[in-house]
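Pasted below: final-v9.tsv, TSV, C-alpha atoms.
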chain	number	residue	atom	x	y	z
R	795	MET	CA	164.51	109.87	114.13
R	796	THR	CA	165.20	113.21	115.87
R	797	ASP	CA	164.30	116.58	114.34
R	798	LYS	CA	167.96	117.22	113.57
R	799	GLU	CA	168.45	113.87	111.85
R	800	LEU	CA	165.25	114.34	109.89
R	801	ILE	CA	166.25	117.81	108.71
R	802	SER	CA	169.76	116.74	107.68
R	803	GLY	CA	168.22	113.73	105.88
R	804	ILE	CA	165.83	116.04	104.02
R	805	ILE	CA	168.69	118.37	103.06
R	806	ASN	CA	170.60	115.37	101.64
R	807	ARG	CA	167.41	114.20	99.89
R	808	ASP	CA	167.55	110.91	101.76
R	809	ASN	CA	164.55	108.75	100.78
R	810	VAL	CA	164.10	107.37	104.31
R	811	ALA	CA	163.94	110.89	105.79
R	812	ILE	CA	161.49	112.10	103.14
R	813	GLN	CA	159.29	109.07	103.70
R	814	HIS	CA	159.46	109.64	107.47
R	815	LEU	CA	158.38	113.26	106.93
R	816	VAL	CA	155.42	112.30	104.76
R	817	VAL	CA	154.26	109.38	106.93
R	818	ASN	CA	154.44	111.37	110.17
R	819	PHE	CA	153.24	114.77	109.09
R	820	HIS	CA	151.00	114.45	106.02
R	821	LYS	CA	147.76	113.87	107.95
R	822	LYS	CA	148.40	116.76	110.29
R	823	VAL	CA	149.24	119.09	107.40
R	824	ILE	CA	146.25	118.04	105.28
R	825	LYS	CA	143.85	118.36	108.21
R	826	THR	CA	145.11	121.80	109.26
R	827	ALA	CA	144.93	123.03	105.67
R	828	TYR	CA	141.41	121.58	105.45
R	829	TYR	CA	140.31	123.51	108.55
R	830	PHE	CA	141.34	126.68	106.77
R	831	VAL	CA	140.08	126.00	103.23
R	832	HIS	CA	137.18	123.55	103.94
R	833	ASP	CA	137.92	121.51	100.81
R	834	MET	CA	139.81	118.20	100.90
R	835	GLN	CA	141.20	118.43	97.36
R	836	ASP	CA	142.56	121.93	97.98
R	837	ALA	CA	143.94	120.74	101.33
R	838	GLU	CA	145.83	117.88	99.62
R	839	ASP	CA	147.24	120.27	97.01
R	840	LEU	CA	148.33	122.58	99.82
R	841	ALA	CA	149.99	119.64	101.61
R	842	GLN	CA	152.08	119.01	98.47
R	843	ASP	CA	153.11	122.67	98.41
R	844	VAL	CA	153.98	122.48	102.11
R	845	CYS	CA	156.19	119.39	101.63
R	846	ILE	CA	158.03	120.99	98.69
R	847	GLU	CA	158.54	124.13	100.76
R	848	ILE	CA	160.00	121.94	103.54
R	849	LEU	CA	162.42	120.35	101.05
R	850	GLU	CA	163.43	123.76	99.71
R	851	SER	CA	163.75	125.53	103.06
R	852	ALA	CA	165.18	122.70	105.21
R	853	LYS	CA	168.66	124.21	104.93
R	854	HIS	CA	167.37	127.45	106.48
R	855	PHE	CA	165.78	125.68	109.47
R	856	LYS	CA	167.82	126.77	112.49
R	857	GLY	CA	166.09	124.66	115.12
R	858	MET	CA	164.87	127.69	117.11
R	859	SER	CA	161.46	126.04	117.30
R	860	SER	CA	160.48	122.38	117.03
R	861	LEU	CA	160.07	120.84	113.60
R	862	ASN	CA	156.37	120.37	114.36
R	863	THR	CA	155.92	124.11	115.00
R	864	TRP	CA	157.89	124.99	111.87
R	865	ILE	CA	155.73	122.70	109.71
R	866	TYR	CA	152.56	124.16	111.26
R	867	ARG	CA	153.82	127.66	110.48
R	868	ILE	CA	154.43	126.77	106.83
R	869	THR	CA	150.99	125.13	106.60
R	870	VAL	CA	149.23	128.15	108.10
R	871	ASN	CA	151.05	130.56	105.79
R	872	LYS	CA	150.33	128.48	102.69
R	873	SER	CA	146.67	128.14	103.64
R	874	LEU	CA	146.26	131.88	104.28
R	875	ASN	CA	147.95	132.68	100.95
R	876	PHE	CA	145.61	130.27	99.21
R	877	ILE	CA	142.56	131.96	100.77
R	878	ARG	CA	143.89	135.40	99.79
R	879	LYS	CA	144.33	134.29	96.17
R	880	ASN	CA	140.86	132.73	96.16
R	881	LYS	CA	139.33	135.92	97.54
R	882	ARG	CA	140.91	137.87	94.69
R	883	LYS	CA	139.47	135.36	92.21
R	884	GLN	CA	136.04	135.62	93.83
R	885	LEU	CA	136.22	139.39	93.67
R	886	PHE	CA	137.00	139.24	89.95
R	887	SER	CA	134.15	136.79	89.32
R	888	GLN	CA	131.78	139.05	91.28
R	889	ILE	CA	132.86	142.03	89.18
R	890	GLU	CA	132.38	139.89	86.09
R	891	ALA	CA	128.93	138.87	87.33
R	892	VAL	CA	127.98	142.53	87.74
R	893	PHE	CA	129.13	143.35	84.20
R	894	MET	CA	127.45	140.25	82.77
R	895	ASN	CA	124.24	141.49	84.45
R	896	ARG	CA	123.87	138.40	86.60
R	897	ASP	CA	122.31	138.47	90.03
R	898	GLY	CA	125.19	139.47	92.30
R	899	SER	CA	122.97	140.93	94.99
R	900	HIS	CA	123.11	139.77	98.57
R	901	ALA	CA	120.23	139.22	100.94
R	902	VAL	CA	119.49	142.21	103.07
R	903	GLU	CA	120.67	141.68	106.62
R	904	ARG	CA	117.88	141.52	109.10
R	905	LEU	CA	119.23	141.72	112.56
R	906	GLU	CA	116.10	141.06	114.53
R	907	PRO	CA	114.16	138.42	112.68
R	908	SER	CA	112.12	135.63	114.14
R	909	TYR	CA	114.28	132.55	113.74
R	910	ILE	CA	112.07	129.99	115.34
R	911	ASP	CA	110.35	128.83	112.16
R	912	THR	CA	113.69	128.14	110.49
R	913	LYS	CA	115.15	124.66	110.62
R	914	PHE	CA	118.79	124.29	109.67
R	915	ASP	CA	120.43	121.04	108.70
R	916	ASP	CA	124.06	120.12	109.34
R	917	GLY	CA	125.07	120.99	105.76
R	918	GLU	CA	123.71	124.52	106.21
R	919	ARG	CA	125.34	124.82	109.63
R	920	LYS	CA	128.66	123.81	108.09
R	921	VAL	CA	128.31	126.48	105.41
R	922	LEU	CA	127.40	129.12	108.01
R	923	LEU	CA	130.31	128.15	110.24
R	924	GLY	CA	132.77	128.16	107.33
R	925	LYS	CA	131.49	131.55	106.16
R	926	SER	CA	131.74	133.02	109.66
R	927	ILE	CA	135.25	131.69	110.29
R	928	ASN	CA	136.46	132.87	106.89
R	929	THR	CA	135.35	136.42	107.58
R	930	LEU	CA	137.36	136.66	110.81
R	931	PRO	CA	140.58	138.70	110.63
R	932	GLU	CA	143.51	136.45	109.64
R	933	ASN	CA	145.24	136.37	113.03
R	934	GLN	CA	141.99	135.68	114.91
R	935	ARG	CA	141.09	132.97	112.41
R	936	THR	CA	144.52	131.33	112.76
R	937	ALA	CA	144.40	131.38	116.55
R	938	PHE	CA	140.84	130.00	116.55
R	939	ILE	CA	141.57	127.16	114.10
R	940	LEU	CA	144.78	126.11	115.84
R	941	SER	CA	143.06	126.17	119.22
R	942	LYS	CA	139.60	124.75	118.43
R	943	TYR	CA	140.34	122.38	115.55
R	944	ASP	CA	143.97	121.36	116.06
R	945	GLU	CA	143.63	121.59	119.85
R	946	LEU	CA	147.10	123.03	120.22
R	947	PRO	CA	148.16	124.53	123.56
R	948	TYR	CA	148.37	128.35	123.70
R	949	LYS	CA	152.16	128.18	124.00
R	950	GLU	CA	152.53	126.34	120.70
R	951	ILE	CA	150.02	128.66	118.98
R	952	ALA	CA	152.10	131.60	120.21
R	953	GLU	CA	155.24	130.04	118.70
R	954	ILE	CA	153.54	129.26	115.38
R	955	MET	CA	152.08	132.76	115.11
R	956	ASN	CA	155.21	134.36	116.50
R	957	VAL	CA	153.27	136.37	119.12
R	958	SER	CA	153.15	136.43	122.92
R	959	LEU	CA	150.99	134.13	125.02
R	960	ALA	CA	148.84	137.09	126.14
R	961	SER	CA	148.24	138.02	122.50
R	962	VAL	CA	147.01	134.51	121.75
R	963	GLU	CA	144.53	134.71	124.62
R	964	GLN	CA	143.33	138.09	123.43
R	965	LEU	CA	143.06	136.94	119.80
R	966	LEU	CA	141.05	133.90	120.84
R	967	HIS	CA	138.69	135.97	122.98
R	968	ARG	CA	138.10	138.41	120.11
R	969	ALA	CA	137.70	135.53	117.64
R	970	LYS	CA	134.99	133.94	119.80
R	971	MET	CA	133.12	137.21	120.27
R	972	ASN	CA	133.29	138.00	116.54
R	973	LEU	CA	132.27	134.49	115.59
R	974	GLN	CA	129.29	134.70	117.93
R	975	LYS	CA	128.15	137.97	116.33
R	976	LYS	CA	128.76	136.74	112.80
R	977	LEU	CA	126.88	133.50	113.37
R	978	ILE	CA	123.86	135.36	114.73
R	979	VAL	CA	123.90	137.67	111.69
R	980	HIS	CA	124.27	134.68	109.38
R	981	TYR	CA	121.38	132.84	111.07
R	982	ALA	CA	119.30	135.92	110.42
R	983	GLU	CA	120.44	136.23	106.80
R	984	TYR	CA	119.84	132.57	106.17
R	985	SER	CA	116.43	132.40	107.78
R	986	THR	CA	115.41	135.48	105.74
R	987	LYS	CA	116.46	133.67	102.57
R	988	LYS	CA	114.63	130.51	103.56
R	989	GLN	CA	111.38	132.19	104.51
K	803	MET	CA	119.12	139.73	131.80
K	804	ASN	CA	118.16	141.00	128.35
K	805	CYS	CA	118.58	139.49	124.83
K	806	THR	CA	121.82	141.42	124.13
K	807	ASN	CA	123.49	140.13	127.30
K	808	PHE	CA	122.32	136.63	126.53
K	809	ARG	CA	123.61	136.72	122.93
K	810	ASN	CA	126.95	138.10	124.06
K	811	SER	CA	127.35	135.16	126.45
K	812	ILE	CA	126.42	132.29	124.14
K	813	PHE	CA	130.01	131.30	123.33
K	814	SER	CA	131.14	131.44	126.95
K	815	TRP	CA	128.12	129.44	127.99
K	816	SER	CA	128.76	126.76	125.34
K	817	GLU	CA	132.25	126.41	126.85
K	818	ASN	CA	130.85	126.21	130.40
K	819	ASP	CA	132.26	129.63	131.27
K	820	PHE	CA	129.82	131.39	133.61
K	821	SER	CA	132.10	134.24	134.71
K	822	ALA	CA	129.82	137.00	133.37
K	823	PHE	CA	126.41	135.55	134.15
K	824	SER	CA	125.32	132.60	136.19
K	825	ALA	CA	123.89	129.50	134.56
K	826	ALA	CA	120.60	130.09	136.37
K	827	GLU	CA	120.23	133.61	134.88
K	828	LEU	CA	120.96	132.39	131.38
K	829	GLU	CA	118.59	129.45	131.67
K	830	ALA	CA	115.83	131.66	133.01
K	831	HIS	CA	116.16	133.99	130.01
K	832	SER	CA	116.27	131.14	127.49
K	833	LYS	CA	112.97	129.85	128.90
K	834	GLU	CA	111.39	133.31	128.54
K	835	CYS	CA	112.68	134.17	125.04
K	836	ALA	CA	112.01	131.76	122.17
K	837	ASP	CA	114.43	133.51	119.76
K	838	CYS	CA	117.32	133.42	122.25
K	839	SER	CA	116.56	129.82	123.10
K	840	PHE	CA	116.60	128.96	119.38
K	841	LEU	CA	119.92	130.82	118.92
K	842	LEU	CA	121.51	128.96	121.81
K	843	GLU	CA	120.38	125.60	120.44
K	844	GLU	CA	121.58	126.46	116.92
K	845	PHE	CA	124.88	127.77	118.25
K	846	ARG	CA	125.51	124.53	120.11
K	847	LYS	CA	124.67	122.48	117.03
K	848	THR	CA	126.93	124.65	114.88
K	849	MET	CA	129.80	124.26	117.31
K	850	ALA	CA	129.25	120.50	117.17
K	851	ILE	CA	130.13	120.75	113.45
K	852	ILE	CA	133.71	121.55	114.55
K	853	GLU	CA	133.81	118.17	116.30
K	854	GLN	CA	132.51	116.49	113.12
K	855	GLU	CA	135.10	118.25	110.95
K	856	LYS	CA	137.87	117.17	113.32
K	857	ARG	CA	137.03	113.55	112.60
K	858	ILE	CA	137.49	113.96	108.82
K	859	GLU	CA	140.33	111.77	107.55
K	860	PRO	CA	142.38	112.53	104.42
K	861	ASN	CA	142.13	110.30	101.36
K	862	PRO	CA	144.10	107.05	101.96
K	863	PHE	CA	145.96	107.59	98.68
K	864	ALA	CA	147.07	111.09	99.68
K	865	GLU	CA	150.27	109.72	101.21
K	866	THR	CA	151.26	107.84	98.03
K	867	ARG	CA	150.44	110.86	95.88
K	868	LEU	CA	152.52	113.07	98.13
K	869	LEU	CA	155.51	110.71	98.01
K	870	GLN	CA	155.24	110.55	94.21
K	871	LYS	CA	155.12	114.33	93.97
K	872	LEU	CA	158.26	114.64	96.12
K	873	GLU	CA	160.00	111.96	94.02
K	874	ASN	CA	159.19	113.97	90.87
K	875	TYR	CA	160.47	117.10	92.56
K	876	LYS	CA	163.74	115.34	93.43
K	877	GLU	CA	164.17	114.14	89.85
K	878	ALA	CA	163.54	117.64	88.52
K	879	GLU	CA	166.16	118.95	90.95
K	880	ASN	CA	168.76	116.37	89.78
K	881	TRP	CA	168.22	117.34	86.15
K	882	TRP	CA	170.11	120.59	86.84
K	883	ASP	CA	173.37	119.35	88.33
K	884	PHE	CA	175.50	122.39	87.43
K	885	PRO	CA	176.64	123.92	90.72
K	886	VAL	CA	175.03	127.27	91.45
K	887	PRO	CA	177.76	129.83	92.30
K	888	LYS	CA	177.80	131.41	95.73
K	889	PRO	CA	176.36	134.96	95.80
K	890	PHE	CA	179.71	136.71	96.21
K	891	LEU	CA	181.12	134.82	93.18
K	892	ARG	CA	178.22	135.74	90.91
K	893	PRO	CA	179.65	139.12	89.67
K	894	ILE	CA	182.90	137.32	88.77
K	895	TYR	CA	180.99	134.66	86.83
K	896	LEU	CA	178.97	137.40	85.14
K	897	GLY	CA	182.16	139.32	84.19
K	898	LEU	CA	183.73	136.17	82.80
K	899	GLY	CA	180.59	135.46	80.79
K	900	ILE	CA	180.53	138.97	79.30
K	901	THR	CA	184.28	138.80	78.45
K	902	ALA	CA	183.76	135.42	76.76
K	903	ALA	CA	180.84	136.84	74.74
K	904	ILE	CA	182.96	139.85	73.62
K	905	LEU	CA	185.88	137.59	72.63
K	906	LEU	CA	183.54	135.32	70.69
K	907	GLY	CA	182.15	138.37	68.89
K	908	VAL	CA	185.66	139.60	68.00
K	909	VAL	CA	186.72	136.16	66.68
K	910	MET	CA	183.57	135.87	64.61
K	911	GLY	CA	184.14	139.39	63.31
K	912	PHE	CA	187.62	138.46	62.16
K	913	GLU	CA	186.30	135.37	60.45
K	914	GLU	CA	183.69	137.42	58.62
K	915	GLY	CA	186.46	139.84	57.61
K	916	GLY	CA	188.49	136.89	56.31
K	917	ILE	CA	185.64	135.80	54.09
K	918	TYR	CA	185.36	139.37	52.74
K	919	LEU	CA	189.10	139.47	51.96
K	920	ASN	CA	188.83	136.11	50.16
K	921	LEU	CA	185.96	137.42	48.06
K	922	THR	CA	187.83	140.63	47.05
K	923	SER	CA	190.90	138.56	46.11
K	924	LYS	CA	188.65	136.38	43.95
K	925	ILE	CA	187.25	139.52	42.24
K	926	THR	CA	190.81	140.79	41.40
K	927	ASN	CA	191.58	137.33	40.00
K	928	ILE	CA	188.56	137.59	37.70
K	929	GLU	CA	189.75	141.04	36.60
K	930	SER	CA	193.21	139.71	35.69
K	931	VAL	CA	191.76	136.70	33.82
K	932	ARG	CA	189.45	139.00	31.90
K	933	SER	CA	192.25	141.35	30.88
K	934	GLU	CA	194.37	138.38	29.83
K	935	LEU	CA	191.59	136.98	27.64
K	936	ASN	CA	190.76	140.50	26.43
K	937	VAL	CA	187.12	140.30	27.41
K	938	PRO	CA	185.52	143.77	27.06
K	939	ASP	CA	183.94	145.31	30.06
K	940	ILE	CA	180.60	146.02	28.43
K	941	MET	CA	179.12	147.90	31.33
K	942	GLY	CA	182.24	150.05	31.63
K	943	GLU	CA	182.23	150.85	27.91
K	944	ASP	CA	178.57	151.78	27.99
K	945	ILE	CA	179.22	154.19	30.80
K	946	ILE	CA	182.20	155.72	28.95
K	947	GLU	CA	180.16	156.01	25.74
K	948	PHE	CA	177.28	157.57	27.63
K	949	SER	CA	179.63	160.06	29.33
K	950	ASN	CA	181.28	160.96	25.97
K	951	GLN	CA	177.91	161.74	24.42

Write the structure described by the file as structure tokens, please.
Amino acid sequence: MTDKELISGIINRDNVAIQHLVVNFHKKVIKTAYYFVHDMQDAEDLAQDVCIEILESAKHFKGMSSLNTWIYRITVNKSLNFIRKNKRKQLFSQIEAVFMNRDGSHAVERLEPSYIDTKFDDGERKVLLGKSINTLPENQRTAFILSKYDELPYKEIAEIMNVSLASVEQLLHRAKMNLQKKLIVHYAEYSTKKQ
Amino acid sequence: MNCTNFRNSIFSWSENDFSAFSAAELEAHSKECADCSFLLEEFRKTMAIIEQEKRIEPNPFAETRLLQKLENYKEAENWWDFPVPKPFLRPIYLGLGITAAILLGVVMGFEEGGIYLNLTSKITNIESVRSELNVPDIMGEDIIEFSNQ
């Protein structure tokens, strides 16, 4: 089934087309959403939102990009919106924690600690990585996830993000440098907590 | 090479990019500095987490759940079969709706008026029956008596 046939099938609510969409794209959508939100249940919920968005917006798809790119774009936007909403919720719960007199304090950053006594396990590394990626600016985070996790070529990332190829390269370079710094700070923070 | 240079090159090094510093320089520093060596090792292990996360597969029932969700969505869409007017026709539909509401109001007003007229005609009938039977209007008399006093 070509992109055009699939889109016209979706517009006409053809069961075969919808099934084709789900069978061929659901894994990709769930996995990309997971790389952003780091929770499988949330990723599956996001995949449902993405598929409904595809059904609703299929009539507006002009075929300027490939269907794959368009679906990636919707997934990225939905995932970023989800993270934004979650951040707001977290902010409210932090404010609530302050008012309820709970311990909302953070560990003091120690930039030059001695790390060597600290042993991290993979669970901790996963948390640190997730934390570091989530604090990257949105466009750097998107470029990094699409490049490192989804292994998409720069050209496709540029199309999904609607930026130039040079911008993607720059965003990725900045993302790596920031991630490096953030990870080092997080190692320090974490080893301070553990000691 | 110092610690700052080393820490700024960790990512490039983990990707086998030695454009800024040579592998020999970086290795020499990592042997000298225990903290930097630890950071490099941890960084590599953390980056390996990305490879682990890539291998994660969605729940096998996710596909069925997704298809069911879309089926429900389609059913909900079909429930509302009334054609949605095109944007440029909407003011016309709105005008027609308002006119219909006004007309309905006028008709109902007339009907209410009709009921009122029926009631007043019934009252005059009672008056004529009462005068025929010579029934005294007690209230009226009381008022007249009161005013005479």

task: Tell me which protein, DNA and RNA residues are within 10 Å of Ser961 (chain R), counting only C-alpha atoms, leaving out same-chain ones fewer than 6 positions away, and put them as a ChimeraX atom specification.
output: /R:937,948,952,955,967

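With the cut-off set to 7 Å and all atoms listed in the file counted, chain K residues close to chain R are Phe813, Asp837, Phe840, Thr848, Ile851, Ile852, Lys856, Pro860, Ala864, Glu865, Leu868, Leu869 and Leu872 of chain K.
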
With 8 Å on each side, where is the centre of the axis-aligned box around all listed atoms of region 807-824 of chain R, and how long are its edges in Å to one decimal, as lines of an AutoDock Vina configuration file?
center_x = 156.9
center_y = 113.2
center_z = 105.1
size_x = 37.3
size_y = 27.7
size_z = 26.4

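Our summary of the geometry notes that CA of Asp833 (chain R) is positioned 23.8 Å from CA of Leu966 (chain R).
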
Of R:Phe830, R:Gly857, R:Lys879, R:Gln934, the one sitting nearest Glu799 (chain R) when using only C-alpha atoms is R:Gly857

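The space separating CA of Val810 (chain R) from CA of Ser873 (chain R) comes to 27.1 Å.
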
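Rounded to one decimal, CA of Leu874 (chain R) and CA of Pro931 (chain R) lie 10.9 Å from each other.
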
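Counting all atoms listed in the file, the residue from K:Ser816, K:Ser832, K:Asn861, K:Thr866 that sits nearest to Met849 (chain K) is K:Ser816.
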
Review point. Could you pull the residues within 10 Å of Trp815 (chain K), counting only C-alpha atoms, minus those fewer than 5 positions along the same chain, as a list of chain:residue names?
Key: K:Phe808, K:Arg809, K:Asn810, K:Phe820, K:Ser821, K:Ala822, K:Phe823, K:Ser824, K:Ala825, K:Leu828, K:Leu842, K:Arg846

Mind writing region 954-964 of chain R to a file for me, with all heavy atoms, as a JSON list (two decimals), in the first residue's frame?
[["chain", "number", "residue", "atom", "x", "y", "z"],
["R", 954, "ILE", "N", 11.66, 16.23, 9.99],
["R", 954, "ILE", "CA", 10.73, 16.09, 11.13],
["R", 954, "ILE", "C", 10.70, 17.37, 11.95],
["R", 954, "ILE", "O", 9.63, 17.85, 12.33],
["R", 954, "ILE", "CB", 11.14, 14.88, 12.01],
["R", 954, "ILE", "CG1", 10.94, 13.57, 11.24],
["R", 954, "ILE", "CG2", 10.35, 14.86, 13.31],
["R", 954, "ILE", "CD1", 11.60, 12.36, 11.88],
["R", 955, "MET", "N", 11.89, 17.93, 12.19],
["R", 955, "MET", "CA", 11.96, 19.12, 13.05],
["R", 955, "MET", "C", 11.75, 20.41, 12.28],
["R", 955, "MET", "O", 11.69, 21.49, 12.88],
["R", 955, "MET", "CB", 13.32, 19.17, 13.75],
["R", 955, "MET", "CG", 13.53, 18.02, 14.73],
["R", 955, "MET", "SD", 15.12, 18.11, 15.54],
["R", 955, "MET", "CE", 14.89, 19.53, 16.60],
["R", 956, "ASN", "N", 11.65, 20.27, 10.96],
["R", 956, "ASN", "CA", 11.43, 21.43, 10.10],
["R", 956, "ASN", "C", 12.55, 22.47, 10.22],
["R", 956, "ASN", "O", 12.30, 23.67, 10.37],
["R", 956, "ASN", "CB", 10.07, 22.06, 10.43],
["R", 956, "ASN", "CG", 9.45, 22.70, 9.22],
["R", 956, "ASN", "OD1", 9.92, 22.51, 8.10],
["R", 956, "ASN", "ND2", 8.40, 23.48, 9.44],
["R", 957, "VAL", "N", 13.79, 21.98, 10.24],
["R", 957, "VAL", "CA", 14.97, 22.86, 10.31],
["R", 957, "VAL", "C", 15.96, 22.41, 9.23],
["R", 957, "VAL", "O", 15.75, 21.39, 8.58],
["R", 957, "VAL", "CB", 15.65, 22.81, 11.71],
["R", 957, "VAL", "CG1", 14.79, 23.39, 12.79],
["R", 957, "VAL", "CG2", 16.06, 21.38, 12.08],
["R", 958, "SER", "N", 17.04, 23.21, 9.08],
["R", 958, "SER", "CA", 18.02, 22.85, 8.04],
["R", 958, "SER", "C", 18.94, 21.73, 8.55],
["R", 958, "SER", "O", 19.02, 21.47, 9.75],
["R", 958, "SER", "CB", 18.84, 24.07, 7.68],
["R", 958, "SER", "OG", 19.64, 24.43, 8.78],
["R", 959, "LEU", "N", 19.65, 21.14, 7.62],
["R", 959, "LEU", "CA", 20.59, 20.06, 7.94],
["R", 959, "LEU", "C", 21.69, 20.58, 8.88],
["R", 959, "LEU", "O", 22.08, 19.89, 9.85],
["R", 959, "LEU", "CB", 21.20, 19.56, 6.63],
["R", 959, "LEU", "CG", 21.56, 18.10, 6.55],
["R", 959, "LEU", "CD1", 20.35, 17.22, 6.71],
["R", 959, "LEU", "CD2", 22.24, 17.79, 5.23],
["R", 960, "ALA", "N", 22.17, 21.80, 8.59],
["R", 960, "ALA", "CA", 23.24, 22.39, 9.42],
["R", 960, "ALA", "C", 22.74, 22.60, 10.85],
["R", 960, "ALA", "O", 23.49, 22.39, 11.82],
["R", 960, "ALA", "CB", 23.67, 23.72, 8.82],
["R", 961, "SER", "N", 21.47, 22.98, 10.98],
["R", 961, "SER", "CA", 20.90, 23.19, 12.32],
["R", 961, "SER", "C", 20.87, 21.89, 13.10],
["R", 961, "SER", "O", 21.13, 21.87, 14.31],
["R", 961, "SER", "CB", 19.49, 23.74, 12.24],
["R", 961, "SER", "OG", 19.47, 24.94, 11.56],
["R", 962, "VAL", "N", 20.54, 20.80, 12.40],
["R", 962, "VAL", "CA", 20.49, 19.50, 13.08],
["R", 962, "VAL", "C", 21.88, 19.15, 13.61],
["R", 962, "VAL", "O", 22.02, 18.73, 14.77],
["R", 962, "VAL", "CB", 19.98, 18.38, 12.13],
["R", 962, "VAL", "CG1", 20.10, 17.01, 12.77],
["R", 962, "VAL", "CG2", 18.54, 18.63, 11.74],
["R", 963, "GLU", "N", 22.89, 19.36, 12.78],
["R", 963, "GLU", "CA", 24.26, 19.05, 13.20],
["R", 963, "GLU", "C", 24.65, 19.87, 14.43],
["R", 963, "GLU", "O", 25.22, 19.36, 15.39],
["R", 963, "GLU", "CB", 25.23, 19.35, 12.06],
["R", 963, "GLU", "CG", 25.23, 18.24, 11.02],
["R", 963, "GLU", "CD", 26.01, 18.60, 9.77],
["R", 963, "GLU", "OE1", 26.72, 19.62, 9.77],
["R", 963, "GLU", "OE2", 25.89, 17.85, 8.78],
["R", 964, "GLN", "N", 24.28, 21.15, 14.37],
["R", 964, "GLN", "CA", 24.60, 22.05, 15.49],
["R", 964, "GLN", "C", 23.85, 21.63, 16.77],
["R", 964, "GLN", "O", 24.43, 21.59, 17.85],
["R", 964, "GLN", "CB", 24.21, 23.47, 15.09],
["R", 964, "GLN", "CG", 24.95, 24.52, 15.85],
["R", 964, "GLN", "CD", 24.62, 25.90, 15.33],
["R", 964, "GLN", "OE1", 23.51, 26.14, 14.84],
["R", 964, "GLN", "NE2", 25.54, 26.81, 15.45]]
